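File shown: input_5.cif (mmCIF, C-alpha atoms and all ligand atoms).
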data_model
#
loop_
_atom_site.label_atom_id
_atom_site.label_comp_id
_atom_site.auth_asym_id
_atom_site.auth_seq_id
_atom_site.Cartn_x
_atom_site.Cartn_y
_atom_site.Cartn_z
CA MET A 27 -33.95 24.02 4.05
CA LYS A 28 -31.19 21.64 5.01
CA PRO A 29 -30.31 19.22 2.20
CA HIS A 30 -30.66 15.54 3.00
CA SER A 31 -27.52 13.53 3.31
CA HIS A 32 -26.92 10.83 0.76
CA SER A 33 -27.00 7.07 1.07
CA VAL A 34 -24.73 5.05 -1.19
CA GLN A 35 -25.47 1.68 -2.70
CA ILE A 36 -22.77 -0.19 -4.57
CA ARG A 37 -23.61 -3.41 -6.40
CA ASN A 38 -21.20 -5.78 -8.10
CA VAL A 39 -18.82 -3.06 -9.18
CA SER A 40 -15.78 -4.22 -11.11
CA LYS A 41 -12.88 -2.30 -12.54
CA ARG A 42 -9.75 -3.48 -14.27
CA TYR A 43 -6.63 -1.75 -15.51
CA GLY A 44 -5.37 -3.97 -18.32
CA SER A 45 -5.06 -7.44 -16.82
CA LEU A 46 -5.20 -6.14 -13.23
CA GLU A 47 -8.58 -6.55 -11.53
CA VAL A 48 -8.64 -3.65 -9.12
CA LEU A 49 -12.27 -3.95 -7.98
CA ARG A 50 -13.91 -7.38 -8.08
CA GLN A 51 -17.66 -7.46 -7.70
CA VAL A 52 -17.68 -4.93 -4.89
CA SER A 53 -21.02 -4.49 -3.12
CA LEU A 54 -21.54 -2.15 -0.20
CA ASP A 55 -24.31 -0.13 1.45
CA VAL A 56 -23.74 3.11 3.26
CA GLU A 57 -26.72 4.57 5.07
CA ALA A 58 -27.39 8.28 5.02
CA ASN A 59 -25.83 10.27 7.85
CA THR A 60 -23.46 7.52 8.97
CA VAL A 61 -19.67 7.17 9.03
CA THR A 62 -18.07 4.28 7.16
CA CYS A 63 -14.34 3.67 7.55
CA ILE A 64 -12.56 1.65 4.89
CA LEU A 65 -9.43 -0.19 5.97
CA GLY A 66 -7.21 -2.50 4.01
CA PRO A 67 -3.69 -3.04 2.75
CA SER A 68 -2.10 -0.76 0.17
CA GLY A 69 -3.23 -1.65 -3.35
CA SER A 70 -6.50 -3.26 -2.24
CA GLY A 71 -8.63 -0.84 -4.30
CA LYS A 72 -9.74 1.67 -1.63
CA SER A 73 -8.89 4.83 -3.58
CA THR A 74 -10.28 3.34 -6.77
CA LEU A 75 -13.59 2.70 -5.01
CA LEU A 76 -13.80 6.30 -3.72
CA ARG A 77 -12.93 7.61 -7.17
CA ALA A 78 -15.65 5.47 -8.70
CA ILE A 79 -18.22 6.84 -6.23
CA ASN A 80 -17.24 10.38 -7.18
CA HIS A 81 -17.00 9.47 -10.84
CA LEU A 82 -13.39 10.48 -11.18
CA ILE A 83 -13.01 7.15 -12.97
CA SER A 84 -15.45 4.98 -14.88
CA ILE A 85 -16.28 1.44 -13.84
CA ASP A 86 -16.50 -1.60 -16.10
CA SER A 87 -19.66 -3.10 -14.67
CA GLY A 88 -22.01 -2.86 -11.74
CA VAL A 89 -24.13 -0.09 -10.30
CA ILE A 90 -23.42 2.81 -7.99
CA ARG A 91 -26.37 4.72 -6.65
CA VAL A 92 -26.08 7.84 -4.56
CA SER A 93 -29.43 8.50 -2.88
CA ASP A 94 -31.12 6.34 -5.49
CA GLU A 95 -29.69 8.34 -8.33
CA VAL A 96 -27.32 6.30 -10.44
CA ILE A 97 -23.90 7.75 -10.88
CA GLY A 98 -21.41 6.03 -13.07
CA TYR A 99 -22.72 3.11 -15.01
CA GLU A 100 -25.83 1.10 -14.59
CA GLN A 101 -26.14 -2.29 -16.14
CA ARG A 102 -29.55 -3.03 -17.60
CA ASP A 103 -30.19 -5.62 -20.25
CA ASN A 104 -26.43 -6.19 -20.35
CA ARG A 105 -25.91 -2.71 -21.68
CA LEU A 106 -24.07 0.09 -19.94
CA PHE A 107 -25.85 3.36 -19.31
CA GLU A 108 -24.25 6.55 -18.22
CA LEU A 109 -25.65 9.82 -16.97
CA SER A 110 -25.52 12.95 -19.06
CA ASP A 111 -22.61 15.26 -18.30
CA ARG A 112 -25.05 17.74 -16.90
CA ASP A 113 -26.56 15.27 -14.40
CA LEU A 114 -23.11 14.07 -13.47
CA CYS A 115 -21.91 17.58 -12.70
CA ARG A 116 -24.95 18.24 -10.59
CA GLN A 117 -24.48 15.07 -8.57
CA ARG A 118 -20.77 15.54 -8.15
CA SER A 119 -21.32 19.02 -6.79
CA HIS A 120 -22.98 17.37 -3.78
CA ILE A 121 -20.03 15.08 -3.09
CA GLY A 122 -16.99 16.45 -1.28
CA MET A 123 -13.59 14.84 -1.44
CA VAL A 124 -10.52 15.31 0.71
CA PHE A 125 -7.27 13.82 -0.58
CA GLN A 126 -4.11 12.66 1.10
CA SER A 127 -2.19 15.50 -0.55
CA PHE A 128 -4.48 18.45 0.39
CA ASN A 129 -4.60 19.75 -3.22
CA LEU A 130 -4.92 23.42 -2.28
CA PHE A 131 -4.28 26.08 -4.90
CA PRO A 132 -0.86 27.47 -3.93
CA HIS A 133 -1.40 30.90 -5.52
CA LEU A 134 -4.66 31.54 -3.63
CA THR A 135 -5.03 32.54 0.01
CA VAL A 136 -6.72 30.22 2.48
CA LEU A 137 -9.92 32.25 2.20
CA GLU A 138 -9.80 32.22 -1.61
CA ASN A 139 -9.21 28.45 -1.61
CA VAL A 140 -12.44 28.03 0.33
CA THR A 141 -14.53 30.61 -1.55
CA CYS A 142 -13.53 29.67 -5.09
CA GLY A 143 -15.84 26.64 -5.40
CA LEU A 144 -18.72 28.60 -3.91
CA ILE A 145 -18.24 31.42 -6.39
CA THR A 146 -17.49 29.40 -9.54
CA VAL A 147 -19.59 26.25 -9.03
CA ARG A 148 -22.38 27.45 -6.74
CA ARG A 149 -22.40 30.96 -8.21
CA ALA A 150 -22.71 32.43 -4.72
CA PRO A 151 -22.36 36.21 -4.40
CA LYS A 152 -18.85 37.04 -3.20
CA ALA A 153 -19.96 38.43 0.18
CA ASP A 154 -21.99 35.27 0.91
CA ALA A 155 -19.10 33.06 -0.16
CA ILE A 156 -16.74 34.89 2.19
CA ALA A 157 -19.19 34.59 5.10
CA THR A 158 -19.62 30.85 4.45
CA ALA A 159 -15.87 30.35 4.11
CA GLN A 160 -15.19 32.19 7.36
CA HIS A 161 -17.77 30.06 9.14
CA PHE A 162 -16.13 26.80 8.04
CA LEU A 163 -12.58 28.07 8.61
CA ASP A 164 -13.67 28.92 12.12
CA ARG A 165 -15.07 25.43 12.47
CA VAL A 166 -11.68 23.87 11.69
CA GLY A 167 -9.96 26.40 13.95
CA LEU A 168 -8.29 28.43 11.20
CA ALA A 169 -10.26 31.68 10.97
CA HIS A 170 -7.07 33.55 11.87
CA LYS A 171 -5.24 32.11 8.82
CA ALA A 172 -7.71 33.36 6.19
CA GLY A 173 -5.15 35.67 4.59
CA ALA A 174 -2.25 33.19 4.60
CA TYR A 175 -1.04 31.19 1.60
CA PRO A 176 -0.88 27.37 1.77
CA ALA A 177 2.93 27.36 1.85
CA GLN A 178 2.80 29.38 5.07
CA LEU A 179 0.81 26.66 6.85
CA SER A 180 1.77 23.34 8.39
CA GLY A 181 0.56 20.17 6.71
CA GLY A 182 -2.10 19.70 9.36
CA GLN A 183 -3.36 23.24 8.85
CA GLN A 184 -3.40 22.77 5.07
CA GLN A 185 -5.47 19.64 5.44
CA ARG A 186 -7.89 21.44 7.74
CA VAL A 187 -8.28 24.13 5.05
CA ALA A 188 -8.99 21.36 2.52
CA ILE A 189 -11.67 20.03 4.87
CA ALA A 190 -13.18 23.51 5.31
CA ARG A 191 -13.19 23.88 1.53
CA ALA A 192 -15.07 20.60 1.10
CA LEU A 193 -17.53 21.49 3.89
CA ALA A 194 -18.21 24.95 2.51
CA MET A 195 -19.90 23.33 -0.48
CA GLN A 196 -22.28 21.68 2.02
CA PRO A 197 -21.89 18.25 0.48
CA ARG A 198 -24.38 15.50 1.18
CA LEU A 199 -21.60 12.94 1.01
CA ILE A 200 -17.97 13.50 1.86
CA LEU A 201 -15.16 11.13 0.89
CA PHE A 202 -11.82 11.19 2.71
CA ASP A 203 -8.91 9.34 1.11
CA GLU A 204 -6.26 8.78 3.79
CA PRO A 205 -6.55 12.36 5.03
CA THR A 206 -3.70 11.99 7.52
CA SER A 207 -1.28 9.72 5.66
CA ALA A 208 0.88 12.56 4.33
CA LEU A 209 1.20 14.25 7.71
CA ASP A 210 4.02 14.18 10.21
CA PRO A 211 2.90 12.08 13.17
CA GLU A 212 2.53 15.07 15.50
CA LEU A 213 0.05 16.70 13.08
CA VAL A 214 -2.25 13.69 12.63
CA GLY A 215 -4.21 14.32 15.84
CA GLU A 216 -5.45 17.82 14.96
CA VAL A 217 -6.87 16.62 11.64
CA LEU A 218 -8.49 13.52 13.15
CA THR A 219 -10.05 15.76 15.81
CA VAL A 220 -11.66 17.92 13.13
CA ILE A 221 -12.99 14.86 11.30
CA ARG A 222 -14.21 13.31 14.54
CA GLU A 223 -16.12 16.50 15.47
CA LEU A 224 -17.62 16.49 12.02
CA ALA A 225 -18.69 12.88 12.35
CA GLU A 226 -20.39 13.65 15.65
CA SER A 227 -22.09 16.90 14.71
CA SER A 228 -22.86 16.99 11.03
CA ASP A 229 -25.61 15.40 9.07
CA THR A 230 -23.34 14.52 6.18
CA THR A 231 -22.67 10.94 5.15
CA MET A 232 -18.97 10.22 5.46
CA ILE A 233 -16.73 7.56 3.94
CA VAL A 234 -13.18 7.64 5.31
CA VAL A 235 -10.31 5.55 3.97
CA THR A 236 -7.79 5.46 6.78
CA HIS A 237 -4.96 3.53 8.36
CA GLU A 238 -5.79 5.06 11.74
CA ILE A 239 -7.36 2.01 13.30
CA GLY A 240 -8.04 3.62 16.70
CA PHE A 241 -9.83 6.48 14.99
CA ALA A 242 -11.92 4.11 12.88
CA ARG A 243 -12.87 2.15 15.95
CA GLU A 244 -14.08 5.33 17.67
CA VAL A 245 -16.06 7.03 14.92
CA ALA A 246 -17.27 4.36 12.52
CA ASP A 247 -20.85 3.16 12.28
CA GLN A 248 -19.57 0.67 9.74
CA ILE A 249 -16.12 -0.74 9.07
CA VAL A 250 -15.21 -2.14 5.69
CA PHE A 251 -12.11 -4.24 5.20
CA MET A 252 -10.93 -4.38 1.60
CA ASP A 253 -8.48 -6.96 0.37
CA GLU A 254 -7.32 -7.64 -3.20
CA GLY A 255 -10.14 -5.66 -4.79
CA ARG A 256 -12.89 -7.24 -2.74
CA VAL A 257 -14.89 -6.24 0.30
CA ALA A 258 -13.61 -8.96 2.61
CA VAL A 259 -15.87 -7.95 5.53
CA ALA A 260 -18.26 -5.11 6.21
CA GLY A 261 -19.98 -4.74 9.53
CA SER A 262 -20.00 -3.06 12.88
CA VAL A 263 -16.77 -2.24 14.69
CA ALA A 264 -17.29 -5.32 16.88
CA GLU A 265 -17.88 -7.59 13.91
CA VAL A 266 -14.83 -6.52 11.95
CA PHE A 267 -12.42 -6.15 14.87
CA GLY A 268 -13.67 -9.40 16.31
CA SER A 269 -13.23 -11.24 13.01
CA ASP A 270 -11.06 -14.34 13.11
CA SER A 271 -10.10 -14.03 9.44
CA PRO A 272 -6.30 -14.44 9.29
CA ARG A 273 -5.95 -11.60 6.73
CA ILE A 274 -7.86 -9.17 8.94
CA ARG A 275 -5.97 -10.26 12.04
CA ALA A 276 -2.66 -9.81 10.21
CA PHE A 277 -3.73 -6.36 9.02
CA LEU A 278 -4.88 -5.23 12.46
CA ASP A 279 -1.65 -6.51 13.96
CA GLY A 280 0.30 -4.38 11.48
CA ASN A 281 1.67 -7.30 9.49
CA LEU A 282 0.00 -6.68 6.13
P1 LIG B 301 -5.39 1.52 -2.38
O1 LIG B 301 -5.99 2.89 -2.37
O2 LIG B 301 -6.16 0.51 -1.62
O3 LIG B 301 -3.95 1.54 -1.97
P2 LIG B 301 -5.73 1.76 -5.24
O4 LIG B 301 -7.19 1.80 -5.44
O5 LIG B 301 -5.00 3.06 -5.32
O6 LIG B 301 -5.40 1.00 -3.89
O7 LIG B 301 -5.08 0.80 -6.31
C1 LIG B 301 -5.45 -0.54 -6.46
C2 LIG B 301 -4.60 -1.17 -7.54
O8 LIG B 301 -4.90 -0.56 -8.79
C3 LIG B 301 -3.11 -0.99 -7.33
O9 LIG B 301 -2.47 -2.19 -7.73
C4 LIG B 301 -2.76 0.14 -8.24
O10 LIG B 301 -1.44 0.06 -8.66
C5 LIG B 301 -3.73 -0.06 -9.40
N1 LIG B 301 -4.10 1.19 -10.06
C6 LIG B 301 -4.73 2.24 -9.49
N2 LIG B 301 -4.95 3.21 -10.39
C7 LIG B 301 -4.42 2.77 -11.57
C8 LIG B 301 -4.32 3.33 -12.89
N3 LIG B 301 -4.83 4.54 -13.18
N4 LIG B 301 -3.72 2.58 -13.83
C9 LIG B 301 -3.23 1.36 -13.55
N5 LIG B 301 -3.29 0.78 -12.33
C10 LIG B 301 -3.87 1.47 -11.35
MG MG B 302 -5.24 4.73 -1.76
#

Kindly return the structure encoded in the file as structure tokens.
Amino acid sequence: MKPHSHSVQIRNVSKRYGSLEVLRQVSLDVEANTVTCILGPSGSGKSTLLRAINHLISIDSGVIRVSDEVIGYEQRDNRLFELSDRDLCRQRSHIGMVFQSFNLFPHLTVLENVTCGLITVRRAPKADAIATAQHFLDRVGLAHKAGAYPAQLSGGQQQRVAIARALAMQPRLILFDEPTSALDPELVGEVLTVIRELAESSDTTMIVVTHEIGFAREVADQIVFMDEGRVAVAGSVAEVFGSDSPRIRAFLDGNL
């Protein structure tokens, strides 16, 4: 049976580092099986929000629900509740994340990078893991590189392996944090193409932090513009790109 994709509900989430308020009362809804692109200037809290959703960091207050299951903290009666480690691990295993810096294991082959989560986390038999890995490597156009090491690949190819690795776990929610920002300009297109195909064909919920405005405009069901730790606007492509907010206009014109 195909697992259902996850919806995400974020309510009044705040996070500070010392005196710096990085997330300020952030609220956001992401429907299952949709693509949300998050735009915004550097330092506006985009990565922090993704990390909070995946529980790589804790939040100070607010609620994050992934398919109605709370991850992170939930505020009830002014007290903070947190999931057990066991529940957290289970939920996180359904959330994929792709980082700016690929984060492949350099000492493992491409195939081993993709199979290792399946074998260690999912406890898949090795032959099944290899078959799954080959399927997803084929999907990102890299079946022929299965035996190569990351250092033998271009940045674009490495990022496509990282995407195959995330997909192989069959996540119900996949988070991309500026997946093309570390790439040379001529390699950006091949990675965006893979993500675009995924957005069109898969039934996984996707949240993509990106500076690729043209890409966001094409694939997003929802655009979120973050500014100074807040969600400044969230809406359809037309709503956000048509906004007359001076901050958004400055950002879209490349002046922020
Ligand atoms: P963005 O991804 O939008 O560029 P981030 O979420 O990475 O922004 O960061 C938002 C702000 O929080 C920045 O000012 C950043 O310096 C600060 N910040 C992020 N992580 C930490 C941390 N672990 N400790 C202290 N400050 C942090
Ligand atoms: Mg960031």

Step by step, measure atom-to-atom distances between ligand LIG 301 (chain B) and each residue using all atoms listed in the file, keep those at most 10 Å, then write them as number ranges by chain.
-> A: 41-49, 64-78, 83, 203-204, 235-236, 252-255

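In this model, the gap between atom CA of Val39 of chain A and atom CA of Asp113 of chain A comes to 20.6 Å.
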
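What separates atom CA of Phe125 of chain A from atom CA of Pro205 of chain A is a distance of 5.8 Å.
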
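Atom CA of Ser53 of chain A sits 18.5 Å away from atom CA of Ile274 of chain A.
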
Around the point (-29.4, 7.0, -1.7) in the file's coordinates, collect all residues with an atom within 6 Å, using only C-alpha atoms, and return them as an mmCIF file with C-alpha atoms, keeping the file's coordinate frame.
data_model
loop_
_atom_site.group_PDB
_atom_site.id
_atom_site.type_symbol
_atom_site.label_atom_id
_atom_site.label_comp_id
_atom_site.auth_asym_id
_atom_site.auth_seq_id
_atom_site.Cartn_x
_atom_site.Cartn_y
_atom_site.Cartn_z
ATOM 1 C CA HIS A 32 -26.920 10.830 0.760
ATOM 2 C CA SER A 33 -27.000 7.070 1.070
ATOM 3 C CA VAL A 34 -24.730 5.050 -1.190
ATOM 4 C CA VAL A 92 -26.080 7.840 -4.560
ATOM 5 C CA SER A 93 -29.430 8.500 -2.880
ATOM 6 C CA ASP A 94 -31.120 6.340 -5.490
#

Tell me which protein, DNA and RNA residues are within 6 Å of Thr230 of chain A, counting only C-alpha atoms, leaving out same-chain ones fewer than 2 positions away, and put them as a list of chain:residue names.
-> A:Ser31, A:Asn59, A:Arg198, A:Leu199, A:Ser228

Would you save the residues of that selection, restricted to C-alpha atoms, as a compact mmCIF listing (two decimals), in the frame of the given file?
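For reference, selection.txt as written:
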# COMPACT_ATOMS: atom_id res chain seq x y z
CA SER A 31 -27.52 13.53 3.31
CA ASN A 59 -25.83 10.27 7.85
CA ARG A 198 -24.38 15.50 1.18
CA LEU A 199 -21.60 12.94 1.01
CA SER A 228 -22.86 16.99 11.03

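Candidate residues A:Ala190, A:Ala177, A:Leu209, A:Ile36 were compared for distance to Val89 of chain A, and the nearest is A:Ile36, using all atoms listed in the file.
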
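Distances here use all atoms listed in the file; by that measure, the residue among A:Leu134, A:Arg273, A:Lys152, A:Glu212 closest to Ala258 of chain A is A:Arg273.
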
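Among the candidates A:Val166, A:Leu109, A:Ala242, A:Val234, the residue lying nearest to ligand MG 302 (chain B) is A:Val234 (atoms considered: all atoms listed in the file).
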
Selection: 12 Å around Leu168 of chain A, all atoms listed in the file, excl. self and same-chain fewer than 2 positions, as number ranges by chain | A: 136-137, 140, 159-166, 170-174, 179-180, 182-191, 216-217, 220
